[in-house]
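First comes the structure, then the notes that go with it.
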Amino acid sequence: MMNSSPRSAEPLAGTILGSKLRPPTLAAGTLPRRKLLEALDAAPDWRVLLLRAPAGYGKTTLMSQLSERLAVGGACCRWLTMDPRDDDINHLLTHLQAVIGQPYPGQSPESRGSLVMPHMPDLGIWLNEVARLPGQQILFLDELESVQEPAALALLGRLLRFAPDNLRIVIGTRPESGLALSRMKAGGMVLEWSARQLRFDADETRAFLQGRGGSAAVPSAWHALLAERCEGWPAILRLSALALNRSEAPHGFAEVLKDGASDLAEYLAGEIFERQPPEQQSFLLHTSVLRYLEPDLCDALCEGENSAQWLHDMGRRNQFVIPLDSHRSGAYRYHALLADFLRARLERRFPGMAEQLHRKAATWLEQHGQLIDAVGHAMEAGDPVFAAGMLERSAKQLVKAGNLATLLHWIKRLPAHIADDHPDIVWAAARAHTYFHQIDEAEARLRQLFSLAESRPFDTLVWEDCLALEALMPAVDENVEQVMKVTARNLPKVTGDYALGIMSNVRAYGEIALSRFDAALKLLDQADRYNRKVSNLFGLSATVGLRAAAWSARGDLHRAIACYTGVDVGAPPVDHAQIEYASVRSGLHSEILYESDRLDEAQALLAIHAPAEGGYLEMGLLVGGHLTAARLLFVQGDVNGAMAILDETLARAVARRFYRLAFACRWEKVRLATLSNQMRVATTLAAAAQHEPQEAHFHFTTDAEARDISWIRLQIRLGKGDAMLPLIERLLQQAQSLDRGWRALKLCIMRACALDAIGQSAAADDALATAMAAGSSHGFIRSFADEGEPVLGRIAQWLTSREMLPQGVVREHAERVLRAGGRTVPSDNAGAEAGPASFNPREREMLRALAQGEQNRELAARFQISENTVKWYLKNLYVKLDAHNRAQAIARGRQWRLID
């Protein structure tokens, strides 16, 4: 079944091509686009510059000129040329990390230098890192039309929407790009230039034809006709200049030109190609299969040694070969018009040769550690056996680097009978299906693995990976009983750190579900060590989230938050980047922020990291993200909007067999209908939910708002409080015995509500005071505030009474609960409530810090939040104060006596 031979060293999962991260080198004599650059200077408030035009309109050239100009002015310009690989969100984020110099998964320790351990690619981390960079940052995104997947386009949309103040973005794309910018355009944040602005004007056309654009001068007899027919299209003008750069015009040129520019590009490309010596024609055709022309790779394809010289010469002559750096041995690429022509010519002249060239390229790239590009070429080689072999050798590193969407895309392209015969491919497919919560497919792949293991020996670590996957799958399927059974059987069989890290996390998941928190925390300490040893960033992130889940379930909200802020002294140290990654991808973090009434932070978190990113795994730790998104709308009074979110999430959960999420959505709808006094709707929803399959009987993160509590609340408000008290007492004792503090707190509040409903006011006071005493010490706010009048009315009576507050009730906490519930604090205690809006303590403190002159970075450090979150707070403050800038906000704050 397995052998103990050591696994050979594995190459990098993906090497970031330096050519993607640098603007193309401008050829000597390139015509400067002064008028466009001056027009940009005349619009200083632009945040996004969108260059949208067909190929050949000089988008990349203009972007390169703009990069040089802005860099001279002191801006830090960063460049990313996009390609189809960036359809994979993880790959796209990895490239963005490299743009700002962050380490990334798959990067070797040698190239990483002194940088910290890489974290999982994440947009929130990236935005925060950019915000911390000094000075003005300009991000150039070229060839954005290469990205077509909706999830990747949505991520880019969020990048543009939430870009920090020190970041501007320049985008070059063809008209067919699917990037949605309507909201930003409406806000005046986007400056868009189309082909109409990018085409040469009369002066630029004249200058170019006279030889001031890097090409030889065109005979004057052609100037008028070229100016009229080419209509300022830069690439066609350049092709025409190259074609006319001899004693006489090419045969038929005048006729084609008079017909217009539609067929001119292909005609002129053919003329230029045929003019090259046979050796260079062969070079052009052989290298046309490459997106990036690295001289050594070109030598391998052409079986020669002159690639660097030929590329340099063609780039110097502006023959549509674009240098991507200033070194003679650096990379190049063909202009899109020439590349399309060459690939079509190769297929017509040498049918089948493209597949051979892809095979050569794949072999060379694999030998040089560029696995993403290697497998991409192998898939185009027309030999699925060859492609499968290369994919199998790369599978483990692709999984570790998080390139799961790309991996699945490739596996689906292979014939099943070939892919299914490679254990590492089957394992990688199972791992990817598990991540995407495609349970049926994952289980089928796991069965294939065990069948293969019966017929051939497996490498020891491959076999251990299979055992770890067998344990992970029931956790994703929310089958706690199976989790405990499989981990008990498989944990003693593994010794590798990768498998041990996964199984320790999975076992901890089961222990939390069974309320054995000490055992879970011990396992998570072990998982942290294992995952660090192998840089398993998925595992490290899960460890942080699971630890937060254990503390929040216990009712220690401060310790749970500490897991995300990095100050949990009871846990091993975790890199801040990994903590932040876990926080932004875990719905539990947003749920805890909501409970603490830090609504702006929760809103910011969910705005950047939507809980329903298409295709990605929605584990139990993410359930809270969907619920929080609905609750935030509910608190704003938009009950219909909240219900719409839950309906949409429910439909997706049912389709993907995510039972716990479906279960939580059904009962959250009951909860919101009850709290909004829609009792008939709530009763109908509860009756329907009772008859649905109950595969998931608990809300994993806290079990605080499960079916029974939502049902109890409904019954109390239907006048059955007396009948609910015995059930509440029984469940409360059970929660306390299991150390589920958050659930116990909710049940204490339900007991107070039930007593209030049956007229036992004194007993209700005692019950609520007991709950308030417990809640204040750990920062619970919304569990009280959301209950509305039964809780808020009683707290308001306490605060207006001249008598002492009930024992254990903290006045500041009671006032916070009252404000969170939208109630006015009684005048004797209102203090600074002189303005027309209600301000929570954090907003008041932030306003005072503003008055002291603190900047965003200092505010972030003071409040232990990200600079993006600071901006959300300031935006909310400005709205409440009816202010448009800091000075106005400070003045209004003093006017309303919010600050001294």
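Each chain of the structure tokens is named A, B, ... in the order shown, its residues numbered from 1; ligands are numbered from 1 in display order.
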
**Message:** List as a VMD selection string the protein and nucleic acid residues near Ser777 (chain A), meaning an atom at most 12 Å away when only C-alpha atoms are counted, but skip any in the same chain fewer than 6 places from it.
**Reply:** chain A and resid 555 to 559 596 745 770 to 771 808 to 810 812 to 814

Just the selected residues (C-alpha atoms), exported as an mmCIF file, in the first residue's frame, please.
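What follows is the written file part.cif:
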data_model
loop_
_atom_site.group_PDB
_atom_site.id
_atom_site.type_symbol
_atom_site.label_atom_id
_atom_site.label_comp_id
_atom_site.auth_asym_id
_atom_site.auth_seq_id
_atom_site.Cartn_x
_atom_site.Cartn_y
_atom_site.Cartn_z
ATOM 1 C CA GLY A 555 -18.236 33.258 26.132
ATOM 2 C CA ASP A 556 -14.832 34.940 26.352
ATOM 3 C CA LEU A 557 -15.298 37.513 23.619
ATOM 4 C CA HIS A 558 -12.107 39.382 24.514
ATOM 5 C CA ARG A 559 -9.954 36.272 24.086
ATOM 6 C CA SER A 596 -19.310 43.872 20.275
ATOM 7 C CA LEU A 745 -25.799 34.229 28.190
ATOM 8 C CA THR A 770 -27.366 38.484 36.120
ATOM 9 C CA ALA A 771 -27.017 38.391 32.352
ATOM 10 C CA GLY A 808 -23.471 43.577 38.878
ATOM 11 C CA VAL A 809 -24.854 46.004 36.278
ATOM 12 C CA VAL A 810 -22.200 48.448 35.019
ATOM 13 C CA GLU A 812 -21.284 52.356 31.071
ATOM 14 C CA HIS A 813 -22.181 48.916 29.712
ATOM 15 C CA ALA A 814 -25.899 49.570 30.212
#

**Request:** Show which residues sit within 7 Å of region 510-526 of chain A, as a PyMOL selection string. Count only C-alpha atoms, and ignore same-chain residues fewer than 4 positions away.
**Result:** chain A and resi 480+483-484+504-506+530+543+547+550+572+700+738

**Asked** In Å, with one decimal, what is the gap from CA of Leu755 (chain A) to CA of Gln678 (chain A)?
**Response** 21.5 Å

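In the backbone-derived DSSP annotation, strand (DSSP E or B) within region 19-162 of chain A comprises A:Val48, A:Leu49, A:Leu50, A:Leu51, A:Arg52, A:Cys76, A:Cys77, A:Arg78, A:Trp79, A:Leu80, A:Thr81, A:Gln137, A:Ile138, A:Leu139, A:Phe140, A:Leu141, A:Asp142.
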
What does the file look like for those residues with N, CA and C atoms, as a compact mmCIF listing (two decimals), in the first residue's frame?
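Below is the file result01.txt, written as the result:
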# COMPACT_ATOMS: atom_id res chain seq x y z
N VAL A 48 -8.80 56.59 -10.71
CA VAL A 48 -8.61 55.48 -11.64
C VAL A 48 -8.59 56.05 -13.04
N LEU A 49 -7.53 55.73 -13.79
CA LEU A 49 -7.44 56.11 -15.21
C LEU A 49 -7.66 54.84 -16.02
N LEU A 50 -8.72 54.83 -16.82
CA LEU A 50 -9.07 53.66 -17.60
C LEU A 50 -8.79 53.93 -19.07
N LEU A 51 -7.85 53.18 -19.64
CA LEU A 51 -7.55 53.26 -21.07
C LEU A 51 -8.21 52.06 -21.73
N ARG A 52 -9.31 52.29 -22.42
CA ARG A 52 -10.10 51.19 -23.00
C ARG A 52 -10.16 51.38 -24.52
N CYS A 76 5.69 56.39 -6.55
CA CYS A 76 6.22 55.03 -6.65
C CYS A 76 5.30 54.24 -7.58
N CYS A 77 5.81 53.91 -8.77
CA CYS A 77 4.99 53.25 -9.78
C CYS A 77 5.22 51.75 -9.74
N ARG A 78 4.13 50.99 -9.73
CA ARG A 78 4.18 49.53 -9.66
C ARG A 78 3.37 48.97 -10.83
N TRP A 79 3.88 47.89 -11.42
CA TRP A 79 3.33 47.43 -12.71
C TRP A 79 2.96 45.96 -12.62
N LEU A 80 1.83 45.61 -13.24
CA LEU A 80 1.45 44.20 -13.39
C LEU A 80 0.81 44.02 -14.76
N THR A 81 1.46 43.22 -15.60
CA THR A 81 0.85 42.82 -16.88
C THR A 81 0.05 41.55 -16.61
N GLN A 137 1.37 56.02 -4.37
CA GLN A 137 1.57 54.75 -5.05
C GLN A 137 0.69 54.73 -6.30
N ILE A 138 1.27 54.31 -7.42
CA ILE A 138 0.52 54.18 -8.67
C ILE A 138 0.62 52.74 -9.13
N LEU A 139 -0.52 52.07 -9.28
CA LEU A 139 -0.56 50.70 -9.74
C LEU A 139 -1.03 50.67 -11.19
N PHE A 140 -0.20 50.12 -12.08
CA PHE A 140 -0.54 49.98 -13.48
C PHE A 140 -0.96 48.53 -13.74
N LEU A 141 -2.17 48.33 -14.24
CA LEU A 141 -2.69 47.01 -14.57
C LEU A 141 -2.90 46.96 -16.08
N ASP A 142 -1.98 46.29 -16.77
CA ASP A 142 -2.05 46.25 -18.23
C ASP A 142 -2.68 44.94 -18.70

**Prompt:** Just how far from CA of Asn90 (chain A) is CA of Ile125 (chain A), in Å to one decimal?
**Reply:** 13.3 Å

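Using only C-alpha atoms, the nearest neighbour of His778 (chain A) within the list A:Ala560, A:Trp798, A:Thr674, A:Phe634 is A:Ala560.
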
**Prompt:** Looking at only C-alpha atoms, which of A:Gly624, A:Pro150, A:Pro164, A:Pro32 is the one that sits closest to Asn856 (chain A)?
**Reply:** A:Pro164

Need to verify the contact set: region 387-402 of chain A, 9 Å, only C-alpha atoms, exclusion of same-chain residues closer than 2 positions in sequence. Can you return it as a compact mmCIF listing (two decimals) with C-alpha atoms, in the first residue's frame?
# COMPACT_ATOMS: atom_id res chain seq x y z
CA GLU A 10 9.72 19.57 -5.21
CA PRO A 11 10.17 22.65 -7.37
CA LEU A 12 8.37 25.91 -6.77
CA ALA A 13 4.67 25.93 -7.49
CA GLY A 14 4.91 29.21 -9.32
CA ASN A 90 -5.23 33.04 -5.61
CA HIS A 91 -2.87 33.51 -8.54
CA TYR A 104 4.12 34.80 -1.60
CA PRO A 105 3.38 31.07 -1.45
CA GLY A 106 5.83 29.06 -3.53
CA MET A 120 -2.08 33.35 2.12
CA PRO A 121 -2.87 35.91 -0.57
CA ARG A 359 5.89 20.36 -25.25
CA ALA A 362 6.77 22.83 -20.86
CA THR A 363 9.85 20.66 -20.37
CA GLU A 366 9.55 22.59 -15.47
CA LEU A 371 5.43 25.04 -12.79
CA ILE A 372 2.36 27.16 -13.52
CA ALA A 374 5.06 24.57 -17.51
CA VAL A 375 1.74 22.84 -16.92
CA GLY A 376 -0.05 25.49 -18.98
CA HIS A 377 2.12 24.67 -22.00
CA ALA A 378 1.86 20.92 -21.33
CA MET A 379 -1.93 21.20 -21.55
CA GLU A 380 -1.54 22.66 -25.06
CA ALA A 381 0.89 19.96 -26.24
CA GLY A 382 -1.80 17.63 -27.57
CA ASP A 383 -0.52 14.74 -25.44
CA PRO A 384 -2.69 14.13 -22.36
CA VAL A 385 -0.30 11.48 -21.01
CA LEU A 404 -6.90 25.15 -6.68
CA ALA A 405 -9.13 26.76 -9.29
CA THR A 406 -6.38 26.52 -11.91
CA LEU A 407 -5.65 22.95 -10.84
CA TRP A 410 -6.53 21.56 -15.86
CA ILE A 411 -7.72 18.25 -14.41
CA LEU A 414 -7.57 15.74 -19.14
CA ILE A 418 -5.64 9.15 -17.87
CA ALA A 419 -6.05 11.58 -14.95
CA HIS A 422 -2.27 9.26 -11.30
CA PRO A 423 -2.63 9.20 -7.48
CA ASP A 424 -1.31 12.72 -6.94
CA ILE A 425 -3.77 14.13 -9.49
CA VAL A 426 -6.67 12.27 -7.90
CA TRP A 427 -5.57 13.50 -4.44
CA ALA A 428 -5.24 17.09 -5.68
CA ALA A 429 -8.68 16.92 -7.30
CA ARG A 431 -8.48 18.35 -2.09
CA ALA A 432 -9.74 21.03 -4.47
CA SER A 535 4.41 26.62 5.75
CA ASN A 536 0.86 25.28 5.41
CA LEU A 537 -0.83 28.65 5.30
CA PHE A 538 -4.34 27.25 4.91

**Prompt:** By how many Å are CA of Leu365 (chain A) and CA of Asp299 (chain A) apart?
**Reply:**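 About the pair CA of Leu365 (chain A) and CA of Asp299 (chain A): they are 12.7 Å apart.
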
**Item:** Pick from A:Asn840, A:Ala688, A:Gly315, A:Val289, whichever lies nearest to Glu347 (chain A) using only C-alpha atoms
**Value:** A:Val289

**Request:** Write out as a list in words which residues come within 10 Å of Gly893 (chain A) when counting only C-alpha atoms, dropping same-chain ones fewer than 2 positions away.
**Result:**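 The residues that qualify are Ala832, Ala834, Gly835, Arg844, Leu847, Arg848, Ala851, Leu877, Leu881, Ala883, Ala887, Gln888, Ala889, Ile890, Ala891, Gln895, Trp896, Arg897, Leu898, Ile899 and Asp900 of chain A.
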